[in-house]
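Structure file target_16.tsv (TSV, C-alpha atoms) is printed below.
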```tsv
chain	number	residue	atom	x	y	z
A	1	MET	CA	-6.59	-20.74	2.04
A	2	THR	CA	-3.01	-21.94	1.86
A	3	LYS	CA	0.04	-20.05	3.10
A	4	GLU	CA	1.15	-19.61	-0.50
A	5	GLU	CA	-2.17	-18.04	-1.46
A	6	VAL	CA	-2.17	-15.69	1.51
A	7	ALA	CA	1.41	-14.59	0.87
A	8	LYS	CA	0.44	-13.27	-2.57
A	9	TYR	CA	-1.78	-10.67	-0.91
A	10	ILE	CA	1.04	-9.26	1.23
A	11	ASP	CA	3.36	-6.31	0.67
A	12	HIS	CA	6.15	-7.20	3.12
A	13	THR	CA	6.90	-3.78	4.57
A	14	LEU	CA	9.74	-2.00	6.34
A	15	LEU	CA	9.46	1.79	6.29
A	16	ALA	CA	10.93	2.64	9.69
A	17	PRO	CA	13.35	5.58	9.34
A	18	GLN	CA	15.99	3.77	11.40
A	19	ALA	CA	15.99	0.64	9.23
A	20	GLY	CA	19.47	-0.30	8.05
A	21	ILE	CA	20.66	-2.19	4.99
A	22	GLY	CA	20.96	-5.47	6.89
A	23	GLU	CA	17.29	-5.31	7.84
A	24	ILE	CA	16.32	-4.57	4.23
A	25	ILE	CA	18.28	-7.57	2.97
A	26	LEU	CA	16.61	-9.76	5.60
A	27	LEU	CA	13.21	-8.40	4.51
A	28	CYS	CA	14.00	-9.38	0.93
A	29	GLN	CA	15.19	-12.83	1.95
A	30	GLU	CA	11.95	-13.39	3.85
A	31	ALA	CA	9.95	-12.17	0.86
A	32	LYS	CA	11.74	-14.63	-1.43
A	33	ARG	CA	11.21	-17.46	1.02
A	34	TYR	CA	7.46	-16.92	1.28
A	35	HIS	CA	6.83	-15.43	-2.19
A	36	PHE	CA	5.15	-12.27	-0.93
A	37	ALA	CA	3.60	-9.96	-3.54
A	38	SER	CA	6.25	-7.32	-2.90
A	39	VAL	CA	8.60	-5.72	-0.46
A	40	CYS	CA	7.73	-2.13	0.41
A	41	VAL	CA	10.78	-0.05	1.30
A	42	ASN	CA	11.80	3.58	1.44
A	43	PRO	CA	13.21	5.03	-1.83
A	44	VAL	CA	16.78	4.99	-0.57
A	45	TYR	CA	16.66	1.17	-0.49
A	46	VAL	CA	14.99	0.50	-3.84
A	47	SER	CA	18.26	-0.29	-5.64
A	48	ALA	CA	19.40	-2.65	-2.90
A	49	ALA	CA	16.04	-4.44	-2.84
A	50	ALA	CA	15.97	-4.71	-6.64
A	51	ASN	CA	19.42	-6.27	-6.61
A	52	GLU	CA	18.49	-8.72	-3.86
A	53	LEU	CA	15.25	-9.75	-5.59
A	54	LYS	CA	16.36	-9.69	-9.24
A	55	ASP	CA	15.85	-13.43	-9.78
A	56	SER	CA	12.63	-13.75	-7.80
A	57	ASP	CA	8.89	-13.25	-8.32
A	58	VAL	CA	8.74	-10.55	-5.62
A	59	LYS	CA	8.02	-7.00	-6.79
A	60	ILE	CA	9.69	-3.84	-5.50
A	61	CYS	CA	7.29	-1.32	-3.97
A	62	THR	CA	8.30	2.09	-2.65
A	63	VAL	CA	6.65	5.21	-1.27
A	64	VAL	CA	6.39	8.72	-2.72
A	65	GLY	CA	5.52	11.93	-0.90
A	66	PHE	CA	5.76	9.85	2.25
A	67	PRO	CA	4.43	10.12	4.89
A	68	LEU	CA	2.78	13.56	4.71
A	69	GLY	CA	1.77	13.90	1.07
A	70	ALA	CA	2.65	17.58	1.36
A	71	THR	CA	5.33	17.81	-1.33
A	72	THR	CA	4.53	19.32	-4.72
A	73	THR	CA	3.29	17.23	-7.61
A	74	LYS	CA	6.55	17.93	-9.43
A	75	ASP	CA	8.54	16.58	-6.49
A	76	LYS	CA	6.36	13.47	-6.31
A	77	ILE	CA	6.80	12.90	-10.04
A	78	ASN	CA	10.58	13.21	-9.81
A	79	GLU	CA	10.68	10.91	-6.79
A	80	ALA	CA	8.57	8.30	-8.58
A	81	LYS	CA	10.60	8.46	-11.80
A	82	ASN	CA	13.85	8.10	-9.86
A	83	ALA	CA	12.47	5.10	-7.95
A	84	ILE	CA	11.37	3.41	-11.17
A	85	ALA	CA	14.80	4.00	-12.70
A	86	ASN	CA	16.29	2.32	-9.62
A	87	GLY	CA	14.08	-0.75	-10.02
A	88	ALA	CA	10.70	-0.02	-8.43
A	89	ASP	CA	7.69	-1.88	-9.84
A	90	GLU	CA	5.03	-0.31	-7.63
A	91	ILE	CA	4.62	3.25	-6.31
A	92	ASP	CA	2.56	4.02	-3.20
A	93	MET	CA	2.00	7.79	-3.26
A	94	VAL	CA	0.48	9.85	-0.47
A	95	ILE	CA	-2.25	12.17	-1.72
A	96	ASN	CA	-2.46	15.89	-0.93
A	97	ILE	CA	-4.23	15.32	2.39
A	98	GLY	CA	-4.65	19.02	3.14
A	99	ALA	CA	-6.41	19.59	-0.17
A	100	ALA	CA	-8.66	16.61	0.54
A	101	LYS	CA	-9.57	17.99	3.97
A	102	ASP	CA	-10.41	21.33	2.34
A	103	GLY	CA	-12.63	19.65	-0.24
A	104	ARG	CA	-10.31	20.68	-3.08
A	105	PHE	CA	-10.71	17.37	-4.83
A	106	SER	CA	-9.73	18.63	-8.26
A	107	GLU	CA	-6.28	19.41	-6.81
A	108	VAL	CA	-6.13	15.95	-5.26
A	109	GLY	CA	-6.95	14.45	-8.63
A	110	THR	CA	-4.45	16.58	-10.51
A	111	ASP	CA	-1.71	15.53	-8.09
A	112	ILE	CA	-2.55	11.83	-8.54
A	113	LEU	CA	-2.87	12.15	-12.30
A	114	GLY	CA	0.58	13.72	-12.60
A	115	VAL	CA	2.19	10.82	-10.76
A	116	VAL	CA	0.15	8.17	-12.58
A	117	LYS	CA	1.06	9.56	-16.01
A	118	ALA	CA	4.75	9.81	-15.09
A	119	CYS	CA	4.81	6.26	-13.74
A	120	LYS	CA	3.04	4.73	-16.71
A	121	THR	CA	5.29	6.60	-19.16
A	122	ALA	CA	8.46	5.58	-17.31
A	123	GLY	CA	7.26	2.00	-17.10
A	124	LYS	CA	6.44	1.83	-20.79
A	125	LYS	CA	10.02	2.78	-21.64
A	126	LEU	CA	11.18	-0.18	-19.55
A	127	ASP	CA	8.45	-2.52	-20.85
A	128	LYS	CA	6.96	-2.66	-17.34
A	129	ASN	CA	3.48	-1.92	-16.04
A	130	ILE	CA	4.11	0.24	-12.99
A	131	ILE	CA	1.37	-0.13	-10.38
A	132	VAL	CA	0.33	3.10	-8.65
A	133	LYS	CA	-1.38	3.02	-5.26
A	134	THR	CA	-2.79	6.18	-3.67
A	135	ILE	CA	-2.53	6.46	0.11
A	136	LEU	CA	-5.53	8.38	1.48
A	137	GLU	CA	-4.63	8.42	5.20
A	138	THR	CA	-8.21	7.47	6.06
A	139	CYS	CA	-7.81	8.04	9.81
A	140	LEU	CA	-7.67	11.78	9.09
A	141	LEU	CA	-10.69	11.88	6.76
A	142	ASP	CA	-14.46	11.62	7.14
A	143	GLU	CA	-16.42	9.15	5.03
A	144	ASN	CA	-17.55	11.69	2.44
A	145	THR	CA	-13.95	12.78	1.90
A	146	ILE	CA	-12.79	9.18	1.59
A	147	VAL	CA	-15.44	8.56	-1.08
A	148	ASN	CA	-14.43	11.65	-3.05
A	149	CYS	CA	-10.73	10.78	-2.84
A	150	CYS	CA	-11.47	7.27	-4.10
A	151	LEU	CA	-13.43	8.68	-7.02
A	152	VAL	CA	-10.72	11.13	-8.10
A	153	ALA	CA	-8.06	8.41	-7.75
A	154	LYS	CA	-10.11	6.14	-9.98
A	155	LYS	CA	-10.65	8.91	-12.52
A	156	ALA	CA	-6.91	9.66	-12.53
A	157	GLY	CA	-6.12	6.07	-13.46
A	158	ALA	CA	-4.54	4.87	-10.23
A	159	ASP	CA	-4.48	1.09	-9.78
A	160	PHE	CA	-5.23	0.99	-6.04
A	161	VAL	CA	-6.54	3.11	-3.22
A	162	LYS	CA	-4.75	2.47	0.06
A	163	THR	CA	-5.83	3.25	3.60
A	164	SER	CA	-2.84	4.46	5.54
A	165	THR	CA	0.82	5.28	5.95
A	166	GLY	CA	0.87	4.02	9.53
A	167	PHE	CA	2.67	7.23	10.48
A	168	ALA	CA	-0.29	9.57	11.08
A	169	ASN	CA	-0.94	10.83	14.59
A	170	PRO	CA	-4.68	11.52	14.95
A	171	LYS	CA	-5.99	12.64	18.35
A	172	GLY	CA	-9.42	12.93	19.90
A	173	ILE	CA	-10.88	16.09	21.38
A	174	ASP	CA	-9.40	14.99	24.70
A	175	GLY	CA	-5.94	14.91	23.14
A	176	MET	CA	-5.64	11.15	23.40
A	177	PRO	CA	-4.27	9.16	20.44
A	178	LEU	CA	-6.75	7.58	18.02
A	179	PRO	CA	-6.21	4.55	15.75
A	180	ASN	CA	-4.06	5.45	12.75
A	181	GLY	CA	-4.25	2.37	10.57
A	182	ALA	CA	-6.71	0.43	8.45
A	183	SER	CA	-10.26	-0.14	9.65
A	184	GLU	CA	-12.79	-2.66	8.42
A	185	SER	CA	-15.41	0.04	7.83
A	186	HIS	CA	-13.08	2.18	5.72
A	187	VAL	CA	-11.98	-0.78	3.60
A	188	LYS	CA	-15.62	-1.70	2.97
A	189	LEU	CA	-16.39	1.90	2.02
A	190	MET	CA	-13.40	2.10	-0.33
A	191	ARG	CA	-14.33	-1.17	-2.04
A	192	LYS	CA	-17.95	-0.10	-2.40
A	193	THR	CA	-16.84	3.20	-3.94
A	194	VAL	CA	-14.28	1.93	-6.46
A	195	GLY	CA	-16.13	-1.27	-7.37
A	196	SER	CA	-14.31	-4.10	-9.07
A	197	ASP	CA	-12.16	-1.93	-11.35
A	198	MET	CA	-9.53	-0.96	-8.75
A	199	GLY	CA	-7.49	-2.55	-6.06
A	200	VAL	CA	-7.90	-1.73	-2.37
A	201	LYS	CA	-4.86	-1.97	-0.12
A	202	ALA	CA	-5.32	-2.16	3.63
A	203	SER	CA	-2.28	-1.01	5.55
A	204	GLY	CA	-1.46	0.09	9.08
A	205	GLY	CA	-1.92	-1.96	12.23
A	206	ILE	CA	-2.30	-5.33	10.51
A	207	ARG	CA	-0.23	-7.57	12.76
A	208	SER	CA	-2.24	-10.80	13.00
A	209	ALA	CA	-3.96	-13.38	10.84
A	210	ARG	CA	-7.29	-12.35	12.33
A	211	THR	CA	-6.88	-8.72	11.24
A	212	LEU	CA	-5.61	-9.76	7.81
A	213	ILE	CA	-8.67	-11.96	7.30
A	214	THR	CA	-10.95	-9.13	8.42
A	215	MET	CA	-9.44	-6.83	5.80
A	216	LEU	CA	-9.67	-9.41	3.01
A	217	GLU	CA	-13.28	-10.14	3.85
A	218	ALA	CA	-13.99	-6.39	3.88
A	219	GLY	CA	-12.77	-6.12	0.29
A	220	ALA	CA	-9.02	-5.55	0.35
A	221	ASN	CA	-6.98	-7.40	-2.24
A	222	ARG	CA	-3.57	-6.26	-1.03
A	223	ILE	CA	-2.29	-6.06	2.54
A	224	GLY	CA	0.59	-3.90	3.73
A	225	THR	CA	2.17	-5.24	6.89
A	226	SER	CA	5.51	-5.47	8.65
A	227	SER	CA	4.28	-8.70	10.28
A	228	GLY	CA	4.05	-10.80	7.12
A	229	THR	CA	6.53	-13.42	8.26
A	230	LYS	CA	4.81	-13.90	11.61
A	231	ILE	CA	1.40	-14.14	9.95
A	232	ILE	CA	2.52	-16.75	7.43
A	233	GLU	CA	4.52	-18.83	9.89
A	234	ASN	CA	1.48	-19.07	12.18
A	235	TRP	CA	-1.12	-19.43	9.44
A	236	ASP	CA	-3.88	-22.01	9.97
A	237	GLU	CA	-4.69	-23.43	6.52
A	238	THR	CA	-8.02	-24.75	7.79
A	239	LYS	CA	-9.15	-21.18	8.41
A	240	GLN	CA	-12.16	-20.31	6.28
A	241	ILE	CA	-12.06	-16.95	4.50
A	242	HIS	CA	-15.16	-15.58	2.82
A	243	LEU	CA	-13.85	-13.28	0.12
A	244	PRO	CA	-16.42	-10.88	-1.31
A	245	GLU	CA	-17.20	-10.89	-5.00
A	246	PHE	CA	-16.05	-7.74	-6.77
```
For this file, produce the structure as structure tokens.
Amino acid sequence: MTKEEVAKYIDHTLLAPQAGIGEIILLCQEAKRYHFASVCVNPVYVSAAANELKDSDVKICTVVGFPLGATTTKDKINEAKNAIANGADEIDMVINIGAAKDGRFSEVGTDILGVVKACKTAGKKLDKNIIVKTILETCLLDENTIVNCCLVAKKAGADFVKTSTGFANPKGIDGMPLPNGASESHVKLMRKTVGSDMGVKASGGIRSARTLITMLEAGANRIGTSSGTKIIENWDETKQIHLPEF
């Protein structure tokens, strides 16, 4: 797989709260250079990213209800609509994680559906197809809950299910930190659940070509990473990748 082909799987990401405008501009310049699928930035930087990337093939992705997913559906809708008005092409929304943990999947679905409808309506007015990705925060969920969240996201019309924010802080019974990003097993489970009709985005902890390949082979067709430039610059084009059929 060539560098150019790999780059099209990557959402070049910078969501650190301390990120300044200079870092966002650099992110956009890197994205243009390597033709990444998108840049993923916080809502406050959508306008700046859209301006920097206006003559490129790189999409603008932003986050909604981030990173907790604990805002109301109305707030998420308003945040998404504002981001689209500012130039966003893709919305990565965090689901109602508490409702998911409780097994209140109808509420999870209603929350997603509200954002999906608002995004598609706003996009139609601009003659754009807004892509909606739903962040499940898989490190906080058991497999049954992940399956149910994938199913309600699919029913609600979301375009992707996504693993992680990268900002969760799970701990074991001993109080020690646990992994908080994408895992191969969760990506496989998500792909198996949604089938070929949805996208699966792996995000969180993907910092090397080896991990990126693992996620693609598990069934992801979009990768969120802040290490996109490093991965592409060190990419071995002789590397064999066995993409699953879906």
query = At what distance in Å, to one decimal, does atom CA of Gly228 of chain A lie from atom CA of His12 of chain A?
reply =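 Between atom CA of His12 of chain A and atom CA of Gly228 of chain A the gap is 5.8 Å.
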ask   = Please, what distance in Å, to one decimal, runs between atom CA of Lys171 of chain A and atom CA of Leu189 of chain A?
value = 22.1 Å
Close residues, Thr62 of chain A itself excluded, 7 Å, only C-alpha atoms, min 2 positions apart in chain, as an MDAnalysis selection string = chainID A and resid 40:43 46 60 64 88 90:92
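All residues of protein, DNA or RNA that reach within 7 Å of Glu237 of chain A, judged by all atoms listed in the file and not counting those fewer than 4 positions away in the chain, are Met1, Thr2 and Lys3 of chain A.
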task = Have a look at atom CA of Asn51 of chain A and atom CA of Glu5 of chain A and let me know their distance in Å, one decimal.
result = 25.1 Å
ask   = Quick one: of A:Phe246, A:Tyr45, A:Phe167, A:Tyr9, who's nearest to Lys188 of chain A, counting only C-alpha atoms?
value =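 Nearest candidate to Lys188 of chain A out of A:Phe246, A:Tyr45, A:Phe167, A:Tyr9: A:Phe246.
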inquiry  = So, with all atoms listed in the file as the atoms that count, which of A:Ala80, A:Ile10, A:Ala49, A:Ala156 lies closest to Ala202 of chain A?
reply    = A:Ile10
task = With a distance cut-off of 7 Å and only C-alpha atoms, select the neighbouring residues of Asn96 of chain A, excluding the residue or stretch itself and same-chain residues fewer than 3 positions from it, and output the selection as a list in words.
result =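 That gives Gly69, Ala70, Ala99, Ala100 and Val108 of chain A.
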message = Just checking: using all atoms listed in the file, which residue out of A:His35, A:Lys155, A:Arg191, A:Lys59 ends up closest to Ile131 of chain A?
response =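 Comparing A:His35, A:Lys155, A:Arg191, A:Lys59 against Ile131 of chain A, the winner is A:Lys59.
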request  = Have a look at A:Ser56, A:Thr145, A:Thr214, A:Ser227 and name the one nearest to Glu184 of chain A; count all atoms listed in the file.
outcome  = A:Thr214
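Closest approach to Leu126 of chain A among A:Pro177, A:Gly87, A:Gly204, A:Gly157: A:Gly87, based on only C-alpha atoms.
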key: Minimum-distance residue to Arg33 of chain A, chosen among A:Leu68, A:Pro244, A:Asn86, A:Thr229 (using all atoms listed in the file)   = A:Thr229
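The protein and nucleic acid residues lying at most 12 Å from Thr73 of chain A are Val64, Gly65, Gly69, Ala70, Thr71, Asp75, Lys76, Ile77, Asn78, Glu79, Ala80, Met93, Val94, Ile95, Asn96, Glu107, Val108, Gly109, Thr110, Asp111, Ile112, Leu113, Gly114, Val115, Val116, Lys117 and Ala118 of chain A, with only C-alpha atoms considered and sequence neighbours fewer than 2 positions away removed.
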With C-alpha atoms retained, write the just-selected residues as a PDB file, in the frame of the given file.
```pdb
ATOM      1  CA  VAL A  64       6.390   8.720  -2.720  1.00  0.00           C
ATOM      2  CA  GLY A  65       5.520  11.930  -0.900  1.00  0.00           C
ATOM      3  CA  GLY A  69       1.770  13.900   1.070  1.00  0.00           C
ATOM      4  CA  ALA A  70       2.650  17.580   1.360  1.00  0.00           C
ATOM      5  CA  THR A  71       5.330  17.810  -1.330  1.00  0.00           C
ATOM      6  CA  ASP A  75       8.540  16.580  -6.490  1.00  0.00           C
ATOM      7  CA  LYS A  76       6.360  13.470  -6.310  1.00  0.00           C
ATOM      8  CA  ILE A  77       6.800  12.900 -10.040  1.00  0.00           C
ATOM      9  CA  ASN A  78      10.580  13.210  -9.810  1.00  0.00           C
ATOM     10  CA  GLU A  79      10.680  10.910  -6.790  1.00  0.00           C
ATOM     11  CA  ALA A  80       8.570   8.300  -8.580  1.00  0.00           C
ATOM     12  CA  MET A  93       2.000   7.790  -3.260  1.00  0.00           C
ATOM     13  CA  VAL A  94       0.480   9.850  -0.470  1.00  0.00           C
ATOM     14  CA  ILE A  95      -2.250  12.170  -1.720  1.00  0.00           C
ATOM     15  CA  ASN A  96      -2.460  15.890  -0.930  1.00  0.00           C
ATOM     16  CA  GLU A 107      -6.280  19.410  -6.810  1.00  0.00           C
ATOM     17  CA  VAL A 108      -6.130  15.950  -5.260  1.00  0.00           C
ATOM     18  CA  GLY A 109      -6.950  14.450  -8.630  1.00  0.00           C
ATOM     19  CA  THR A 110      -4.450  16.580 -10.510  1.00  0.00           C
ATOM     20  CA  ASP A 111      -1.710  15.530  -8.090  1.00  0.00           C
ATOM     21  CA  ILE A 112      -2.550  11.830  -8.540  1.00  0.00           C
ATOM     22  CA  LEU A 113      -2.870  12.150 -12.300  1.00  0.00           C
ATOM     23  CA  GLY A 114       0.580  13.720 -12.600  1.00  0.00           C
ATOM     24  CA  VAL A 115       2.190  10.820 -10.760  1.00  0.00           C
ATOM     25  CA  VAL A 116       0.150   8.170 -12.580  1.00  0.00           C
ATOM     26  CA  LYS A 117       1.060   9.560 -16.010  1.00  0.00           C
ATOM     27  CA  ALA A 118       4.750   9.810 -15.090  1.00  0.00           C
TER      28      ALA A 118
END
```
ask   = Counting all atoms listed in the file, what is within 9 Å of Gln29 of chain A, bar same-chain residues fewer than 5 positions away, as a VMD selection string?
value = chain A and resid 24 34 52 to 53
All heavy atoms for segment 217-228 of chain A, written as a compact mmCIF listing (two decimals), in the coordinates of the input, could you do that?
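So part.txt came out as:
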```txt
# COMPACT_ATOMS: atom_id res chain seq x y z
N GLU A 217 -11.84 -9.95 3.91
CA GLU A 217 -13.28 -10.14 3.85
C GLU A 217 -14.03 -8.82 3.67
O GLU A 217 -15.15 -8.79 3.17
CB GLU A 217 -13.77 -10.88 5.09
CG GLU A 217 -13.28 -12.32 5.14
CD GLU A 217 -13.85 -13.11 6.30
OE1 GLU A 217 -14.23 -12.50 7.32
OE2 GLU A 217 -13.91 -14.35 6.19
N ALA A 218 -13.39 -7.71 4.07
CA ALA A 218 -13.99 -6.39 3.88
C ALA A 218 -13.84 -5.89 2.45
O ALA A 218 -14.52 -4.94 2.05
CB ALA A 218 -13.37 -5.38 4.85
N GLY A 219 -12.93 -6.50 1.68
CA GLY A 219 -12.77 -6.12 0.29
C GLY A 219 -11.38 -5.75 -0.15
O GLY A 219 -11.16 -5.40 -1.30
N ALA A 220 -10.40 -5.82 0.75
CA ALA A 220 -9.02 -5.55 0.35
C ALA A 220 -8.48 -6.69 -0.49
O ALA A 220 -8.81 -7.86 -0.25
CB ALA A 220 -8.14 -5.37 1.58
N ASN A 221 -7.66 -6.34 -1.48
CA ASN A 221 -6.98 -7.40 -2.24
C ASN A 221 -5.47 -7.21 -2.24
O ASN A 221 -4.76 -7.84 -3.02
CB ASN A 221 -7.52 -7.51 -3.66
CG ASN A 221 -7.37 -6.25 -4.47
OD1 ASN A 221 -7.40 -5.14 -3.93
ND2 ASN A 221 -7.23 -6.37 -5.78
N ARG A 222 -4.99 -6.36 -1.35
CA ARG A 222 -3.57 -6.26 -1.03
C ARG A 222 -3.46 -5.81 0.42
O ARG A 222 -4.25 -4.98 0.88
CB ARG A 222 -2.85 -5.28 -1.95
CG ARG A 222 -1.33 -5.32 -1.87
CD ARG A 222 -0.71 -6.54 -2.54
NE ARG A 222 -0.79 -6.46 -3.98
CZ ARG A 222 0.15 -5.90 -4.75
NH1 ARG A 222 1.24 -5.38 -4.20
NH2 ARG A 222 0.02 -5.89 -6.06
N ILE A 223 -2.49 -6.35 1.13
CA ILE A 223 -2.29 -6.06 2.54
C ILE A 223 -0.87 -5.57 2.76
O ILE A 223 0.09 -6.26 2.40
CB ILE A 223 -2.52 -7.32 3.42
CG1 ILE A 223 -3.92 -7.90 3.20
CG2 ILE A 223 -2.27 -7.00 4.89
CD1 ILE A 223 -5.06 -7.03 3.68
N GLY A 224 -0.73 -4.39 3.35
CA GLY A 224 0.59 -3.90 3.73
C GLY A 224 0.83 -4.17 5.19
O GLY A 224 0.04 -3.74 6.05
N THR A 225 1.89 -4.90 5.50
CA THR A 225 2.17 -5.24 6.89
C THR A 225 3.66 -5.50 7.10
O THR A 225 4.32 -6.06 6.22
CB THR A 225 1.35 -6.45 7.35
OG1 THR A 225 1.70 -6.79 8.71
CG2 THR A 225 1.60 -7.67 6.47
N SER A 226 4.14 -5.13 8.26
CA SER A 226 5.51 -5.47 8.65
C SER A 226 5.55 -6.79 9.40
O SER A 226 6.61 -7.23 9.84
CB SER A 226 6.09 -4.35 9.52
OG SER A 226 5.29 -4.16 10.69
N SER A 227 4.38 -7.43 9.54
CA SER A 227 4.28 -8.70 10.28
C SER A 227 4.00 -9.88 9.36
O SER A 227 3.48 -10.91 9.79
CB SER A 227 3.17 -8.60 11.34
OG SER A 227 3.42 -7.55 12.25
N GLY A 228 4.35 -9.74 8.08
CA GLY A 228 4.05 -10.80 7.12
C GLY A 228 4.63 -12.15 7.48
O GLY A 228 3.95 -13.18 7.37
```
